[in-house]
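Below is one structure; the comments refer to it alone.
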Amino acid sequence: SLLRLSAPPPPRMCRVETLCSEAGRRRFRVSWAPPQEQPSAPVRRYVVAAVDPAFGQALPVTTLEPDYSQELHRFVSVDELTSFVLAEEDLDKMPSLWLQQTATVQVAAANEAGQSAWIVLRFSLVGQGVGQKAAVAPRRRESGVGGAGLEDFVGLSKGAAAFEMELKRRHGRELRSWLSRQLKGSLAAWLKSMHLPCKGSKEELIEQVLAGLGESSATF
């Protein structure tokens, strides 16, 4: 029943592919894999948002729901809704988005009970070759993800990418212990790169990093 439903986990395995790199006509396909299937937390739709620097926050771009496709002449299920094309010509209402070096796009899964945490994707808007595919740096940490290299974090500086890679290797008390040994400036720089609050004491910054990764204080 509805009362037994839970909000779904976030999408997984997010990727970005450059479809067109010509200024004024740039197009990027953002794709993902569905969350791990949970009977009590089914996915009914996906929500896509993009950070508009003119407003300083993420604004909704589209909601993908099962529907009849005129182009395909058939019904498209939620299992097939695993990509969205971010097109400069279609998002003329967000001109500031395309004036940046790096775009920030958010994807979440949702159902009647609520919405998952956002997966935040950051990727370069310039210098990308057509057909180039790349993994992106998700804000939320996903369990079971390992073996990442610096090349997996497109659009981040080498230092930020290394910091992100170390974050993904740790969890719970080990993660908090590692963060406590880092410089306050490193914590603030990562938070700023993720468009998260980056001011306050070192302990406050650690809490912000943990929140950005989806780590709960209850896990420590």
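A note on labels: chains of the structure tokens are A, B, ... as shown, every chain counts residues from 1, and ligands are counted from 1 in their shown order.
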
For this session: With a distance cut-off of 8 Å and only C-alpha atoms, select the neighbouring residues of Phe28 of chain A, excluding the residue or stretch itself and same-chain residues fewer than 4 positions from it, and output the selection as a list in words.
Result: Val16, Glu17, Thr18, Leu19, Cys20, Val85, Leu86 and Ala87 of chain A

Prev. selection, N, CA, C and O atoms, output as a PDB file, in the first residue's frame:
ATOM      1  N   VAL A  16      28.196  11.193 -18.850  1.00  0.00           N
ATOM      2  CA  VAL A  16      27.883  12.303 -19.752  1.00  0.00           C
ATOM      3  C   VAL A  16      28.567  12.055 -21.087  1.00  0.00           C
ATOM      4  O   VAL A  16      29.744  11.683 -21.122  1.00  0.00           O
ATOM      5  N   GLU A  17      27.837  12.242 -22.165  1.00  0.00           N
ATOM      6  CA  GLU A  17      28.397  12.092 -23.508  1.00  0.00           C
ATOM      7  C   GLU A  17      28.172  13.377 -24.283  1.00  0.00           C
ATOM      8  O   GLU A  17      27.069  13.924 -24.304  1.00  0.00           O
ATOM      9  N   THR A  18      29.228  13.876 -24.918  1.00  0.00           N
ATOM     10  CA  THR A  18      29.114  15.090 -25.729  1.00  0.00           C
ATOM     11  C   THR A  18      28.526  14.738 -27.086  1.00  0.00           C
ATOM     12  O   THR A  18      29.094  13.937 -27.833  1.00  0.00           O
ATOM     13  N   LEU A  19      27.393  15.358 -27.407  1.00  0.00           N
ATOM     14  CA  LEU A  19      26.751  15.131 -28.709  1.00  0.00           C
ATOM     15  C   LEU A  19      27.099  16.234 -29.699  1.00  0.00           C
ATOM     16  O   LEU A  19      27.188  15.995 -30.901  1.00  0.00           O
ATOM     17  N   CYS A  20      27.255  17.447 -29.195  1.00  0.00           N
ATOM     18  CA  CYS A  20      27.635  18.582 -30.045  1.00  0.00           C
ATOM     19  C   CYS A  20      28.397  19.582 -29.180  1.00  0.00           C
ATOM     20  O   CYS A  20      27.922  19.948 -28.101  1.00  0.00           O
ATOM     21  N   VAL A  85      18.875  14.634 -22.717  1.00  0.00           N
ATOM     22  CA  VAL A  85      19.793  15.461 -23.495  1.00  0.00           C
ATOM     23  C   VAL A  85      19.676  16.917 -23.039  1.00  0.00           C
ATOM     24  O   VAL A  85      18.616  17.534 -23.149  1.00  0.00           O
ATOM     25  N   LEU A  86      20.780  17.422 -22.500  1.00  0.00           N
ATOM     26  CA  LEU A  86      20.861  18.810 -22.091  1.00  0.00           C
ATOM     27  C   LEU A  86      21.281  19.621 -23.307  1.00  0.00           C
ATOM     28  O   LEU A  86      22.417  19.518 -23.767  1.00  0.00           O
ATOM     29  N   ALA A  87      20.336  20.394 -23.879  1.00  0.00           N
ATOM     30  CA  ALA A  87      20.571  21.098 -25.138  1.00  0.00           C
ATOM     31  C   ALA A  87      20.550  22.604 -24.934  1.00  0.00           C
ATOM     32  O   ALA A  87      19.623  23.143 -24.337  1.00  0.00           O
TER      33      ALA A  87
END

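The environment of segment 92-98 of chain A within 10 Å, counting only C-alpha atoms and disregarding residues fewer than 3 places along the same chain, consists of Ala23, Gly24, Arg26, Ala50, Val51, Asp52, Pro53, Ala54, Phe55, Leu59, Val61, Ala87, Glu88, Glu89, Gln101, Thr102, Ala103, Thr104, Leu125 and Val126 of chain A.
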
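In this model, the gap between atom CA of Arg15 of chain A and atom CA of Ala49 of chain A comes to 15.4 Å.
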
For this session: Considering only C-alpha atoms, return as an NGL selection string whatever protein or nucleic-acid residues lie within 6 Å of Val76 of chain A, sequence-local ones (same chain, fewer than 2 positions apart) excluded.
Result: :A and (66-68)

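The environment of Gln208 of chain A within 10 Å, counting only C-alpha atoms and disregarding residues fewer than 4 places along the same chain, consists of Leu187, Ala188, Leu191, Leu196, Pro197, Cys198, Lys199, Gly200, Lys202, Glu203, Glu204, Gly212, Leu213, Gly214 and Glu215 of chain A.
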
For this session: Tell me, as a VMD selection string, which residues lie within 10 Å of Leu175 of chain A, counting only C-alpha atoms; anything in the same chain fewer than 5 positions away does not count.
Result: chain A and resid 166 to 170 180 206 210 215 220

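The closest residue to Arg176 of chain A, picked from A:Ser193, A:Pro10, A:Ala211, A:Asp79 and counting only C-alpha atoms, is A:Ala211.
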
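Put simply, atom CA of Thr63 of chain A is 28.7 Å away from atom CA of Glu164 of chain A.
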
For this session: Step one, run DSSP on the backbone; step two, keep only residues of segment 8-108 of chain A assigned to helix (DSSP H, G or I); then write them as a PyMOL selection string.
Result: chain A and resi 78-80+95-99

Those same residues, written as an mmCIF file, in the first residue's frame with C-alpha atoms?
data_model
loop_
_atom_site.group_PDB
_atom_site.id
_atom_site.type_symbol
_atom_site.label_atom_id
_atom_site.label_comp_id
_atom_site.auth_asym_id
_atom_site.auth_seq_id
_atom_site.Cartn_x
_atom_site.Cartn_y
_atom_site.Cartn_z
ATOM 1 C CA VAL A 78 10.193 3.980 -16.470
ATOM 2 C CA ASP A 79 12.940 1.373 -16.949
ATOM 3 C CA GLU A 80 13.764 2.995 -20.294
ATOM 4 C CA PRO A 95 21.577 31.622 -20.627
ATOM 5 C CA SER A 96 23.941 31.903 -17.649
ATOM 6 C CA LEU A 97 24.270 28.123 -17.515
ATOM 7 C CA TRP A 98 26.160 28.114 -20.812
ATOM 8 C CA LEU A 99 28.514 30.956 -19.880
#

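For the pair atom CA of Cys14 of chain A and atom CA of Arg122 of chain A, the separation is 10.7 Å.
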
For this session: Name the closest residue to Ala108 of chain A among the candidates A:Trp190, A:Trp178, A:Phe75, A:Tyr46; distances are taken between atoms, counting only C-alpha atoms.
Result: A:Tyr46

Problem set entry | Sel. of strand (DSSP E or B) residues, segment 74-133 of chain A, as a PyMOL selection string | chain A and resi 74-76+83-87+102-111+114-115+119-124+133

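Between Arg25 of chain A and the residues A:Ala58, A:Leu64, A:Ser69, A:Leu91, the shortest atom-to-atom distance, using only C-alpha atoms, involves A:Leu91.
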
For this session: Could you give me, as a count of residues only, the residues within 10 Å of Pro35 of chain A, counting only C-alpha atoms and dropping anything in the same chain fewer than 6 positions from it?
Result: 12
